[in-house]
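Peer 1: The structure file protein-v4.cif (mmCIF, C-alpha atoms and all ligand atoms) is provided below.
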data_input
loop_
_atom_site.label_atom_id
_atom_site.label_comp_id
_atom_site.auth_asym_id
_atom_site.auth_seq_id
_atom_site.Cartn_x
_atom_site.Cartn_y
_atom_site.Cartn_z
CA MET P 871 -5.08 -22.11 14.12
CA ARG P 872 -6.29 -20.89 10.71
CA GLU P 873 -5.35 -22.76 7.56
CA HIS P 874 -4.19 -19.54 5.87
CA ARG P 875 -2.36 -16.77 7.73
CA ILE P 876 -1.18 -14.20 5.23
CA ALA P 877 1.43 -11.45 5.34
CA VAL P 878 0.45 -8.52 3.11
CA VAL P 879 2.85 -5.91 1.70
CA GLY P 880 1.46 -2.62 0.45
CA THR P 881 1.40 1.13 0.24
CA PRO P 882 -0.45 3.10 2.97
CA CYS P 883 -3.76 3.06 1.05
CA GLU P 884 -3.48 -0.70 0.44
CA ILE P 885 -2.63 -1.29 4.10
CA MET P 886 -5.72 0.73 5.09
CA ALA P 887 -7.77 -1.56 2.80
CA ALA P 888 -6.13 -4.59 4.49
CA SER P 889 -7.04 -3.11 7.89
CA LYS P 890 -10.65 -2.61 6.82
CA LEU P 891 -10.78 -6.17 5.46
CA GLN P 892 -9.52 -7.43 8.84
CA TYR P 893 -12.05 -5.22 10.62
CA PHE P 894 -15.13 -6.03 8.55
CA THR P 895 -14.54 -9.54 7.19
CA ASP P 896 -13.23 -12.89 8.23
CA SER P 897 -10.12 -12.29 6.11
CA PRO P 898 -6.97 -14.44 6.35
CA ILE P 899 -4.75 -11.33 6.53
CA ASP P 900 -2.52 -11.72 9.58
CA VAL P 901 0.57 -9.49 9.29
CA LYS P 902 0.64 -6.09 7.56
CA LEU P 903 3.99 -4.83 6.25
CA GLY P 904 3.38 -1.26 5.14
CA LEU P 905 5.62 0.73 2.80
CA PHE P 906 6.27 4.45 2.97
CA CYS P 907 4.76 6.16 -0.08
CA MET P 908 4.94 9.76 -1.24
CA GLU P 909 3.18 9.24 -4.58
CA ASN P 910 2.52 6.66 -7.28
CA PHE P 911 2.22 6.81 -11.06
CA SER P 912 0.03 5.63 -13.91
CA TYR P 913 1.81 2.79 -15.77
CA LYS P 914 0.46 3.92 -19.14
CA TYR P 915 1.52 7.55 -18.68
CA PHE P 916 4.92 6.43 -17.33
CA VAL P 917 5.50 4.46 -20.56
CA ASN P 918 4.62 7.61 -22.54
CA LEU P 919 6.89 9.82 -20.40
CA LEU P 920 9.82 7.45 -20.98
CA LYS P 921 9.30 7.77 -24.76
CA GLU P 922 10.17 11.48 -24.39
CA TYR P 923 13.57 10.31 -23.08
CA ASP P 924 13.90 7.67 -25.86
CA LEU P 925 13.50 4.94 -23.25
CA LYS P 926 11.30 1.88 -22.67
CA MET P 927 10.35 0.25 -19.36
CA ASP P 928 12.43 -2.73 -20.44
CA ASP P 929 15.61 -0.55 -20.46
CA ILE P 930 15.32 0.05 -16.72
CA GLU P 931 17.00 -2.00 -14.01
CA LYS P 932 15.78 -0.01 -11.02
CA PHE P 933 13.80 3.13 -10.15
CA ARG P 934 14.71 5.45 -7.31
CA ILE P 935 13.02 8.65 -6.21
CA GLU P 936 15.02 11.09 -4.13
CA LYS P 937 16.02 14.72 -3.83
CA GLY P 938 13.36 15.90 -6.29
CA PHE P 939 14.20 13.47 -9.12
CA VAL P 940 13.08 10.10 -10.45
CA PHE P 941 16.38 8.28 -11.08
CA LEU P 942 16.25 5.56 -13.75
CA LEU P 943 19.16 3.14 -13.35
CA LEU P 944 19.45 1.58 -16.79
CA LYS P 945 20.55 -1.96 -17.66
CA THR P 946 23.48 -0.31 -19.49
CA LYS P 947 24.53 1.01 -16.01
CA GLU P 948 23.86 4.62 -17.08
CA THR P 949 21.55 6.80 -14.97
CA VAL P 950 18.87 9.10 -16.36
CA LYS P 951 17.09 11.55 -14.08
CA ILE P 952 13.65 13.05 -14.57
CA PRO P 953 12.75 16.04 -12.38
CA LEU P 954 9.74 15.31 -10.16
CA SER P 955 8.32 18.61 -11.42
CA VAL P 956 8.09 16.89 -14.84
CA ALA P 957 6.96 13.49 -13.50
CA LYS P 958 4.23 15.29 -11.52
CA ARG P 959 1.86 15.08 -14.48
CA ILE P 960 1.84 11.26 -14.40
CA ILE P 961 1.07 10.98 -10.65
CA ARG P 962 -2.23 9.17 -10.07
CA LYS P 963 -5.02 11.60 -9.22
CA ASN P 964 -5.89 9.73 -6.01
CA CYS P 965 -2.36 10.29 -4.67
CA ASN P 966 -2.85 14.06 -4.59
CA ILE P 967 -5.48 13.68 -1.84
CA CYS P 968 -3.56 11.09 0.21
CA VAL P 969 -2.52 12.27 3.67
CA GLU P 970 -0.49 9.30 4.85
CA LEU P 971 3.22 8.69 4.21
CA THR P 972 4.11 5.77 6.46
CA SER P 973 1.33 3.11 6.46
CA GLU P 974 0.02 4.04 9.87
CA SER P 975 -2.33 1.06 10.23
CA SER P 976 0.39 -1.54 9.58
CA ASP P 977 2.13 -3.81 12.09
CA ILE P 978 5.52 -2.73 10.73
CA SER P 979 6.25 0.14 8.31
CA ILE P 980 9.32 0.22 6.07
CA GLY P 981 10.87 2.94 3.91
CA SER P 982 14.15 4.64 3.17
CA ILE P 983 13.57 8.19 4.44
CA GLY P 984 16.05 9.03 7.19
CA SER P 985 18.36 6.01 6.79
CA GLU P 986 21.71 5.70 5.01
CA ASP P 987 22.09 3.88 1.68
CA ALA P 988 21.47 0.11 1.95
CA TRP P 989 19.70 0.63 5.30
CA SER P 990 15.96 0.99 5.83
CA THR P 991 13.83 2.91 8.27
CA LEU P 992 11.50 0.61 10.20
CA ILE P 993 8.57 1.67 12.39
CA ILE P 994 7.20 -0.88 14.87
CA ARG P 995 3.51 -0.14 15.51
CA THR P 996 1.90 -3.14 17.20
CA GLU P 997 2.81 -5.88 19.68
CA LYS P 998 2.72 -8.38 16.84
CA GLY P 999 5.12 -6.16 14.88
CA GLU P 1000 7.45 -5.87 17.88
CA GLU P 1001 7.56 -9.64 18.35
CA ILE P 1002 8.39 -10.18 14.67
CA VAL P 1003 11.16 -7.56 14.58
CA ASN P 1004 12.71 -8.79 17.87
CA GLY P 1005 12.63 -12.37 16.56
CA ALA P 1006 14.20 -11.37 13.24
CA ILE P 1007 17.00 -9.53 15.08
CA GLU P 1008 17.58 -12.41 17.52
CA ASP P 1009 17.72 -14.99 14.71
CA ARG P 1010 20.17 -12.83 12.73
CA PHE P 1011 17.85 -12.09 9.78
CA ILE P 1012 18.31 -8.33 10.31
CA GLU P 1013 20.55 -6.01 12.28
CA SER P 1014 19.38 -2.75 13.77
CA LYS P 1015 20.75 0.52 15.08
CA GLU P 1016 19.22 3.49 16.75
CA PHE P 1017 17.27 6.05 14.72
CA THR P 1018 18.69 9.39 15.83
CA ASP P 1019 16.71 12.52 16.64
CA SER P 1020 17.87 14.22 13.45
CA GLN P 1021 16.80 11.20 11.36
CA PHE P 1022 13.43 11.24 13.13
CA ASN P 1023 12.99 14.96 12.55
CA LEU P 1024 13.66 14.52 8.84
CA LEU P 1025 11.07 11.71 8.58
CA ASN P 1026 8.54 13.75 10.53
CA ARG P 1027 9.14 16.86 8.40
CA ILE P 1028 8.63 14.96 5.14
CA ALA P 1029 5.47 13.29 6.47
CA GLU P 1030 4.14 16.69 7.58
CA SER P 1031 4.87 18.21 4.19
CA LYS P 1032 2.90 15.45 2.42
CA ILE P 1033 -0.04 15.90 4.79
CA SER P 1034 -0.22 19.68 4.50
CA LYS P 1035 0.23 19.73 0.69
CA ASN P 1036 -2.48 17.12 0.16
CA LEU P 1037 -4.88 18.65 2.71
CA GLU P 1038 -4.71 21.76 0.54
CA ASN P 1039 -5.44 19.62 -2.53
CA ILE P 1040 -8.41 18.10 -0.71
CA GLU P 1041 -9.80 21.54 0.07
CA ARG P 1042 -9.33 22.60 -3.55
CA ARG P 1043 -10.97 19.46 -4.87
CA GLU P 1044 -13.88 19.66 -2.44
CA PHE P 1045 -14.55 23.16 -3.70
CA LEU P 1046 -15.36 21.59 -7.08
CA ALA P 1047 -16.49 18.03 -6.31
CA ARG P 1048 -17.80 15.77 -3.53
CA PRO P 1049 -16.23 15.51 -0.06
CA VAL P 1050 -13.28 13.15 0.24
CA LEU P 1051 -14.97 10.55 2.45
CA TYR P 1052 -12.00 9.01 4.26
CA GLN P 1053 -11.12 12.40 5.65
CA ARG P 1054 -14.51 12.79 7.41
CA GLU P 1055 -14.21 12.59 11.19
CA LYS P 1056 -17.51 10.84 11.90
CA THR P 1057 -18.52 8.79 14.90
CA ASP P 1058 -18.74 5.03 14.48
CA ASP P 1059 -22.55 5.25 14.80
CA SER P 1060 -22.91 7.66 11.92
CA ILE P 1061 -20.43 5.65 9.82
CA ASP P 1062 -22.57 2.60 10.52
CA ASN P 1063 -25.66 4.44 9.26
CA GLU P 1064 -23.84 5.59 6.11
CA PHE P 1065 -22.62 2.05 5.37
CA LYS P 1066 -26.08 0.54 5.83
CA GLU P 1067 -27.43 2.88 3.14
CA ALA P 1068 -24.60 2.29 0.66
CA SER P 1069 -23.99 0.00 -2.30
CA PHE P 1070 -21.71 -0.10 -5.34
CA LEU P 1071 -23.49 2.92 -6.87
CA ASP P 1072 -22.33 5.01 -3.90
CA LEU P 1073 -18.81 3.67 -4.23
CA ARG P 1074 -18.90 4.67 -7.87
CA SER P 1075 -20.17 8.20 -7.29
CA ASN P 1076 -18.21 8.98 -4.08
CA VAL P 1077 -14.87 7.30 -4.81
CA ILE P 1078 -14.39 6.01 -8.35
CA ASP P 1079 -15.90 8.84 -10.43
CA VAL P 1080 -14.20 11.56 -8.36
CA GLY P 1081 -10.69 10.15 -8.85
CA ALA P 1082 -10.21 8.84 -5.31
CA CYS P 1083 -9.96 5.12 -6.16
CA VAL P 1084 -6.50 3.67 -5.45
CA LEU P 1085 -7.26 0.53 -7.52
CA CYS P 1086 -6.49 -1.78 -4.59
CA GLY P 1087 -9.15 -4.38 -5.45
CA ALA P 1088 -10.54 -4.70 -1.90
CA CYS P 1089 -14.09 -4.10 -3.22
CA GLU P 1090 -13.73 -6.87 -5.80
CA TYR P 1091 -12.34 -9.26 -3.18
CA ALA P 1092 -15.05 -8.49 -0.62
CA CYS P 1093 -18.06 -8.67 -2.96
CA PRO P 1094 -19.92 -11.80 -1.78
CA HIS P 1095 -21.89 -11.89 -5.05
CA ASP P 1096 -18.84 -11.71 -7.30
CA ILE P 1097 -20.21 -8.91 -9.46
CA ILE P 1098 -17.29 -6.47 -9.40
CA THR P 1099 -14.55 -6.63 -12.02
CA ILE P 1100 -11.43 -4.52 -12.07
CA ASP P 1101 -9.55 -3.62 -15.21
CA ASP P 1102 -6.52 -1.37 -15.46
CA THR P 1103 -8.49 1.79 -14.88
CA LYS P 1104 -11.37 1.21 -12.44
CA PRO P 1105 -13.78 -1.24 -10.77
CA ARG P 1106 -17.02 -1.90 -12.66
CA ILE P 1107 -20.19 -3.76 -11.83
CA LYS P 1108 -21.67 -6.58 -13.89
CA GLY P 1109 -24.98 -7.22 -12.12
CA GLU P 1110 -27.51 -5.94 -9.57
CA CYS P 1111 -26.74 -5.41 -5.88
CA PRO P 1112 -29.13 -6.91 -3.33
CA ASP P 1113 -30.53 -4.33 -0.87
CA ASP P 1114 -28.80 -5.82 2.15
CA CYS P 1115 -25.20 -5.75 0.88
CA HIS P 1116 -22.76 -2.94 1.62
CA ALA P 1117 -19.46 -4.82 1.62
CA CYS P 1118 -17.60 -3.00 -1.16
CA PHE P 1119 -18.40 0.41 0.35
CA ALA P 1120 -17.35 -0.69 3.85
CA VAL P 1121 -13.93 -2.14 2.92
CA CYS P 1122 -12.86 0.59 0.49
CA PRO P 1123 -9.92 2.56 1.96
CA ARG P 1124 -11.39 5.76 0.49
CA THR P 1125 -14.75 5.65 2.30
CA PHE P 1126 -15.32 6.47 5.98
CA ILE P 1127 -12.72 5.03 8.34
CA PRO P 1128 -13.87 3.64 11.74
CA GLU P 1129 -12.45 5.46 14.74
CA ASP P 1130 -10.08 2.61 15.70
CA LEU P 1131 -8.37 2.69 12.30
CA ARG P 1132 -8.39 6.41 11.68
CA ASN P 1133 -5.21 8.46 11.35
CA ASP P 1134 -4.65 11.36 13.62
CA ASN P 1135 -3.32 14.09 11.31
CA SER P 1136 -1.68 15.84 14.26
CA LYS P 1137 0.84 12.94 14.38
CA ALA P 1138 2.66 13.00 11.07
CA ILE P 1139 3.78 9.36 11.21
CA GLY P 1140 0.90 8.00 13.31
CA ASP P 1141 1.13 5.93 16.50
CA PHE P 1142 4.21 3.79 16.96
CA LYS P 1143 6.25 1.90 19.54
CA LYS P 1144 9.75 2.36 18.14
CA VAL P 1145 11.64 3.57 15.04
CA LEU P 1146 14.90 1.85 14.00
CA SER P 1147 17.40 1.84 11.15
CA VAL P 1148 17.72 -1.74 9.92
CA LYS P 1149 19.70 -3.77 7.39
CA SER P 1150 19.28 -7.29 6.10
CA LEU P 1151 21.81 -9.98 7.03
CA LYS P 1152 20.33 -12.35 4.41
CA HIS P 1153 19.37 -10.49 1.23
CA THR P 1154 20.74 -7.65 -0.90
CA GLN P 1155 18.59 -7.57 -4.05
CA GLY P 1156 15.86 -5.31 -2.66
CA GLN P 1157 14.99 -1.67 -3.16
CA ASP P 1158 16.64 -0.24 -0.02
CA GLY P 1159 17.74 -2.43 2.93
CA SER P 1160 15.91 -5.54 1.50
CA ILE P 1161 13.97 -5.54 4.76
CA VAL P 1162 10.60 -6.46 3.28
CA THR P 1163 12.10 -9.49 1.53
CA THR P 1164 13.95 -10.49 4.71
CA LEU P 1165 10.97 -10.09 7.04
CA ILE P 1166 8.82 -12.23 4.71
CA ASP P 1167 11.65 -14.80 4.59
CA TYR P 1168 11.60 -14.82 8.42
CA LEU P 1169 7.78 -15.05 8.63
CA LEU P 1170 7.63 -17.95 6.17
CA SER P 1171 10.62 -19.88 7.49
CA LYS P 1172 9.36 -19.66 11.10
CA GLU P 1173 5.84 -20.61 9.89
CA ILE P 1174 4.40 -17.46 11.48
CA VAL P 1175 2.48 -16.98 8.22
CA THR P 1176 1.54 -19.58 5.61
CA GLU P 1177 1.75 -17.31 2.55
CA ALA P 1178 2.75 -13.79 1.56
CA LEU P 1179 0.79 -11.49 -0.73
CA ILE P 1180 3.48 -9.66 -2.70
CA VAL P 1181 3.68 -7.46 -5.79
CA ASP P 1182 5.81 -8.88 -8.59
CA LYS P 1183 6.45 -7.74 -12.18
CA GLU P 1184 4.67 -9.07 -15.27
CA ASP P 1185 6.93 -11.13 -17.55
CA HIS P 1186 5.55 -9.68 -20.77
CA LEU P 1187 5.27 -6.01 -19.68
CA ALA P 1188 8.39 -4.70 -17.97
CA TRP P 1189 7.78 -3.18 -14.50
CA LYS P 1190 4.01 -3.69 -14.73
CA PRO P 1191 3.02 -4.78 -11.20
CA TYR P 1192 0.80 -7.74 -10.42
CA ALA P 1193 -0.13 -9.35 -7.12
CA LYS P 1194 0.98 -12.87 -6.25
CA LEU P 1195 0.21 -15.12 -3.29
CA THR P 1196 3.16 -17.38 -2.55
CA ASN P 1197 4.95 -19.42 0.07
CA ALA P 1198 8.16 -19.70 -1.99
CA ILE P 1199 11.05 -17.53 -0.85
CA ASP P 1200 12.43 -17.47 -4.43
CA ASP P 1201 9.24 -15.67 -5.51
CA VAL P 1202 9.67 -13.19 -2.68
CA ILE P 1203 13.30 -12.51 -3.63
CA SER P 1204 12.45 -11.99 -7.28
CA SER P 1205 9.64 -9.59 -6.35
CA GLY P 1206 12.08 -7.27 -4.53
CA GLY P 1207 12.34 -3.70 -5.78
CA THR P 1208 9.72 -0.98 -6.08
CA LYS P 1209 7.29 -0.89 -9.00
CA TYR P 1210 6.03 2.66 -9.32
CA SER P 1211 2.48 1.91 -10.38
CA VAL P 1212 -0.55 0.05 -9.05
CA CYS P 1213 -2.41 -3.23 -9.38
CA PRO P 1214 -5.37 -4.76 -7.50
CA VAL P 1215 -3.31 -6.33 -4.72
CA PHE P 1216 -6.12 -8.37 -3.14
CA LYS P 1217 -7.05 -10.24 -6.32
CA PRO P 1218 -5.20 -13.50 -5.48
CA LEU P 1219 -7.13 -13.82 -2.18
CA ARG P 1220 -10.38 -14.40 -4.08
CA ASP P 1221 -9.25 -17.85 -5.15
CA LEU P 1222 -8.37 -18.79 -1.61
CA GLU P 1223 -11.49 -19.08 0.48
CA GLU P 1224 -14.58 -17.62 -1.08
CA ASP P 1225 -16.91 -19.03 1.60
CA SER P 1226 -15.41 -16.90 4.34
CA LEU P 1227 -16.74 -13.72 2.76
CA GLN P 1228 -20.42 -14.44 3.28
CA ASN P 1229 -20.54 -12.59 6.61
CA VAL P 1230 -19.12 -9.34 5.31
CA TYR P 1231 -20.40 -6.13 6.90
CA GLU P 1232 -22.05 -6.76 10.18
CA GLY P 1233 -21.55 -3.18 11.33
CA VAL P 1234 -18.90 -0.94 12.86
CA LYS P 1235 -17.75 -2.52 16.13
C1 LIG P 1301 4.63 3.48 -5.02
C2 LIG P 1301 5.67 3.51 -3.93
C3 LIG P 1301 6.17 4.71 -3.48
C4 LIG P 1301 7.13 4.74 -2.46
N1 LIG P 1301 7.57 5.96 -2.00
C5 LIG P 1301 8.48 5.99 -1.00
C6 LIG P 1301 8.96 7.23 -0.50
O1 LIG P 1301 8.54 8.31 -0.94
N2 LIG P 1301 9.86 7.21 0.52
C7 LIG P 1301 10.34 6.03 1.04
O2 LIG P 1301 11.17 6.05 1.95
N3 LIG P 1301 9.91 4.84 0.59
C8 LIG P 1301 9.00 4.79 -0.42
N4 LIG P 1301 8.55 3.60 -0.89
C9 LIG P 1301 9.07 2.36 -0.26
C10 LIG P 1301 10.41 1.97 -0.84
O3 LIG P 1301 10.44 2.16 -2.24
C11 LIG P 1301 10.70 0.47 -0.54
O4 LIG P 1301 9.63 -0.32 -0.99
C12 LIG P 1301 10.87 0.22 0.94
O5 LIG P 1301 11.91 1.04 1.45
C13 LIG P 1301 11.21 -1.24 1.19
O6 LIG P 1301 12.46 -1.51 0.66
P1 LIG P 1301 13.11 -2.94 0.86
O7 LIG P 1301 14.46 -2.94 0.23
O8 LIG P 1301 12.98 -3.34 2.28
O9 LIG P 1301 12.07 -3.81 0.02
P2 LIG P 1301 12.30 -5.10 -0.90
O10 LIG P 1301 12.99 -6.15 -0.10
O11 LIG P 1301 12.87 -4.67 -2.20
O12 LIG P 1301 10.78 -5.55 -1.11
C14 LIG P 1301 9.89 -4.68 -1.77
C15 LIG P 1301 8.49 -5.22 -1.60
O13 LIG P 1301 7.59 -4.19 -2.01
C16 LIG P 1301 6.50 -4.78 -2.70
N5 LIG P 1301 6.14 -3.83 -3.76
C17 LIG P 1301 6.89 -3.40 -4.79
N6 LIG P 1301 6.20 -2.54 -5.55
C18 LIG P 1301 4.97 -2.43 -4.99
C19 LIG P 1301 3.79 -1.71 -5.31
N7 LIG P 1301 3.72 -0.90 -6.37
N8 LIG P 1301 2.72 -1.84 -4.51
C20 LIG P 1301 2.75 -2.65 -3.43
N9 LIG P 1301 3.84 -3.37 -3.07
C21 LIG P 1301 4.93 -3.25 -3.84
C22 LIG P 1301 6.96 -6.11 -3.25
O14 LIG P 1301 5.98 -7.08 -2.98
C23 LIG P 1301 8.21 -6.44 -2.44
O15 LIG P 1301 7.92 -7.47 -1.55
C24 LIG P 1301 7.61 3.53 -1.91
C25 LIG P 1301 7.10 2.30 -2.37
C26 LIG P 1301 6.14 2.28 -3.35
C27 LIG P 1301 5.57 0.96 -3.85
S1 LIG P 1302 -2.93 6.91 -2.50
FE1 LIG P 1302 -1.05 7.08 -3.71
S2 LIG P 1302 0.34 8.24 -2.37
FE2 LIG P 1302 -1.30 7.43 -1.09
S3 LIG P 1302 -0.53 5.54 -0.32
FE3 LIG P 1302 -1.74 5.07 -2.12
S4 LIG P 1302 -0.25 4.99 -3.79
FE4 LIG P 1302 0.74 6.06 -2.08
S1 LIG P 1303 -23.20 -7.03 -4.08
FE1 LIG P 1303 -22.49 -5.91 -2.31
S2 LIG P 1303 -20.27 -5.92 -2.43
FE2 LIG P 1303 -21.07 -6.58 -4.43
S3 LIG P 1303 -21.14 -4.71 -5.61
FE3 LIG P 1303 -23.14 -4.90 -4.67
S4 LIG P 1303 -23.03 -3.78 -2.70
FE4 LIG P 1303 -20.97 -4.09 -3.48
S1 LIG P 1304 -13.19 1.51 -5.19
FE1 LIG P 1304 -12.40 -0.60 -4.91
S2 LIG P 1304 -10.43 -0.60 -5.94
FE2 LIG P 1304 -11.02 1.54 -5.65
S3 LIG P 1304 -10.07 2.13 -3.71
FE3 LIG P 1304 -12.12 1.46 -3.23
S4 LIG P 1304 -11.88 -0.71 -2.72
FE4 LIG P 1304 -10.01 -0.09 -3.78
#
Written as structure tokens, that's how I'd like the structure from this file.
Ligand SMILES: Cc1cc2nc3c(=O)[nH]c(=O)nc-3n(C[C@H](O)[C@H](O)[C@H](O)COP(=O)(O)OP(=O)(O)OC[C@H]3O[C@@H](n4cnc5c(N)ncnc54)[C@H](O)[C@@H]3O)c2cc1C
Ligand code: SF4
Ligand code: SF4
Ligand code: SF4
Peer 2:
Amino acid sequence: MREHRIAVVGTPCEIMAASKLQYFTDSPIDVKLGLFCMENFSYKYFVNLLKEYDLKMDDIEKFRIEKGFVFLLLKTKETVKIPLSVAKRIIRKNCNICVELTSESSDISIGSIGSEDAWSTLIIRTEKGEEIVNGAIEDRFIESKEFTDSQFNLLNRIAESKISKNLENIERREFLARPVLYQREKTDDSIDNEFKEASFLDLRSNVIDVGACVLCGACEYACPHDIITIDDTKPRIKGECPDDCHACFAVCPRTFIPEDLRNDNSKAIGDFKKVLSVKSLKHTQGQDGSIVTTLIDYLLSKEIVTEALIVDKEDHLAWKPYAKLTNAIDDVISSGGTKYSVCPVFKPLRDLEEDSLQNVYEGVK
């Protein structure tokens, strides 16, 4: 058994990066817990937007997005609401060309759409996911109830609306700029040829410079020569690429996706085994049903995984996300709640086992 078996939590684009890391590298990622995600925001622009409401990030206890508004639950217990039509201008550019709501390449997807308050919607996608959810129900970590047809129809409708709106944005953007690569339906052979020709310069021109980068940090993690750095805005290079390396381009969630990992846009929530409404029997501090916190608690306490890669908040900058690798349940509990901005989630993996990345990119299987 491997020394490190890691559970990763992330948005659909981050989970696609995790899937590509599993596919192309000898990564320690074992379980993928995917979040639903309609859109995400720039931290810097969010801070500026709050100033228009005489607020600071530090005033906020919790964010919630529903029914066309961003609800800010303040530490004073008041609620301020910002119409999404206003918050639209601080949405990250890459989110407007994203055609996935429910983390379709995860083992288990979790969100709130369709479920009552304090419950979560959970999609089981893989056998591994099914085993984990059944175990967590049996051991009384979570309880579940059926997801009704009307709940399912609502989830499906919202997923379809995201896909169709953003496919239109893709068409509009492609009219002016380069093709959005991850939307190309290519065969594995032609993807293989593209990857073998590519290096960081291609990642820069086809993803980063056209506003498609999701800032996940998979390229930085996978670079066997350690010459990519990521700041708050984009990945940069600090050296020369050897001719035979294509790792960053291969693992990026916004370049070509191999057939096995590709979404089928005719299925709005992707392939799945079962959808349930679930609630935690152990934790209450989370964003919705505290299911992510509880499933990680289950995975760590049963030693199914050795660590979890979670997204916590910076101490010195309120609500600024940063990634943390931990095996301490207290860390997992304190990381509960949704941070509506991004950080390079794979950064902590770099310190873990640098040797394992030497074999990156051996071709599309
Ligand atoms: C940017 C964003 C947009 C979302 N949009 C929707 C939506 O439109 N509809 C919907 O139903 N659900 C959405 N979600 C998911 C929802 O907000 C909850 O995360 C989900 O329902 C799980 O709730 P929980 O109580 O089980 O999680 P908790 O037990 O509170 O755990 C939350 C986990 O999420 C992780 N996390 C928090 N912020 C981030 C982040 N920025 N990036 C990666 N991981 C993070 C933390 O590591 C933590 O472990 C979104 C999440 C994010 C991050
Ligand atoms: S690209 Fe944006 S909308 Fe799409 S999954 Fe990532 S954060 Fe969410
Ligand atoms: S060395 Fe390889 S992984 Fe690193 S930047 Fe260059 S092409 Fe990308
Ligand atoms: S360029 Fe790097 S940080 Fe940006 S989406 Fe691709 S892998 Fe992630």
Peer 1: In terms of the shortest atom-to-atom distance over all atoms listed in the file, which of P:Thr972, P:Thr1099, P:Asn1039, P:Thr1163 is closest to ligand LIG 1304 (chain P)?
Peer 2: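 Looking only at the distances to ligand LIG 1304 (chain P), the closest residue turns out to be P:Thr1099.
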Peer 1: Name the closest residue to ligand LIG 1303 (chain P) among the candidates P:Thr1176, P:Ser1069, P:Thr895, P:Thr946; distances are taken between atoms, counting only C-alpha atoms and all ligand atoms.
Peer 2: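 So, comparing all the options, the nearest one is P:Ser1069.
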Peer 1: Given a cut-off of 9 Å, what residues near ligand LIG 1303 (chain P) show up using all atoms listed in the file, put as a VMD selection string?
Peer 2: chain P and resid 1068 to 1073 1089 to 1098 1106 to 1120 1230
Peer 1: Hey, can you spit out that residue selection with C-alpha atoms as a PDB file, keeping the file's coordinate frame?
Peer 2:
ATOM      1  CA  ALA P1068     -24.600   2.290   0.660  1.00  0.00           C
ATOM      2  CA  SER P1069     -23.990   0.000  -2.300  1.00  0.00           C
ATOM      3  CA  PHE P1070     -21.710  -0.100  -5.340  1.00  0.00           C
ATOM      4  CA  LEU P1071     -23.490   2.920  -6.870  1.00  0.00           C
ATOM      5  CA  ASP P1072     -22.330   5.010  -3.900  1.00  0.00           C
ATOM      6  CA  LEU P1073     -18.810   3.670  -4.230  1.00  0.00           C
ATOM      7  CA  CYS P1089     -14.090  -4.100  -3.220  1.00  0.00           C
ATOM      8  CA  GLU P1090     -13.730  -6.870  -5.800  1.00  0.00           C
ATOM      9  CA  TYR P1091     -12.340  -9.260  -3.180  1.00  0.00           C
ATOM     10  CA  ALA P1092     -15.050  -8.490  -0.620  1.00  0.00           C
ATOM     11  CA  CYS P1093     -18.060  -8.670  -2.960  1.00  0.00           C
ATOM     12  CA  PRO P1094     -19.920 -11.800  -1.780  1.00  0.00           C
ATOM     13  CA  HIS P1095     -21.890 -11.890  -5.050  1.00  0.00           C
ATOM     14  CA  ASP P1096     -18.840 -11.710  -7.300  1.00  0.00           C
ATOM     15  CA  ILE P1097     -20.210  -8.910  -9.460  1.00  0.00           C
ATOM     16  CA  ILE P1098     -17.290  -6.470  -9.400  1.00  0.00           C
ATOM     17  CA  ARG P1106     -17.020  -1.900 -12.660  1.00  0.00           C
ATOM     18  CA  ILE P1107     -20.190  -3.760 -11.830  1.00  0.00           C
ATOM     19  CA  LYS P1108     -21.670  -6.580 -13.890  1.00  0.00           C
ATOM     20  CA  GLY P1109     -24.980  -7.220 -12.120  1.00  0.00           C
ATOM     21  CA  GLU P1110     -27.510  -5.940  -9.570  1.00  0.00           C
ATOM     22  CA  CYS P1111     -26.740  -5.410  -5.880  1.00  0.00           C
ATOM     23  CA  PRO P1112     -29.130  -6.910  -3.330  1.00  0.00           C
ATOM     24  CA  ASP P1113     -30.530  -4.330  -0.870  1.00  0.00           C
ATOM     25  CA  ASP P1114     -28.800  -5.820   2.150  1.00  0.00           C
ATOM     26  CA  CYS P1115     -25.200  -5.750   0.880  1.00  0.00           C
ATOM     27  CA  HIS P1116     -22.760  -2.940   1.620  1.00  0.00           C
ATOM     28  CA  ALA P1117     -19.460  -4.820   1.620  1.00  0.00           C
ATOM     29  CA  CYS P1118     -17.600  -3.000  -1.160  1.00  0.00           C
ATOM     30  CA  PHE P1119     -18.400   0.410   0.350  1.00  0.00           C
ATOM     31  CA  ALA P1120     -17.350  -0.690   3.850  1.00  0.00           C
ATOM     32  CA  VAL P1230     -19.120  -9.340   5.310  1.00  0.00           C
TER      33      VAL P1230
END
Peer 1: For Arg959 of chain P, which residue out of P:Lys1190, P:Ser912, P:Leu943, P:Asp1185 is the nearest one, using all atoms listed in the file?
Peer 2: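 Closest to Arg959 of chain P, using all atoms listed in the file: P:Ser912.
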Peer 1: Please indicate the distance in Å from atom CA of Phe933 of chain P to atom CA of Leu919 of chain P, rounded to one decimal place.
Peer 2: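 Atom CA of Leu919 of chain P lies at a distance of 14.1 Å from atom CA of Phe933 of chain P.
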Peer 1: Atom CA of Val940 of chain P to atom CA of Pro953 of chain P: how many Å, to one decimal?
Peer 2: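 Pair atom CA of Val940 of chain P / atom CA of Pro953 of chain P returns 6.3 Å.
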Peer 1: For ligand LIG 1304 (chain P), which residue among P:Ile1127, P:Cys1086, P:Leu1219, P:Ala1029 is the nearest when counting only C-alpha atoms and all ligand atoms?
Peer 2: P:Cys1086
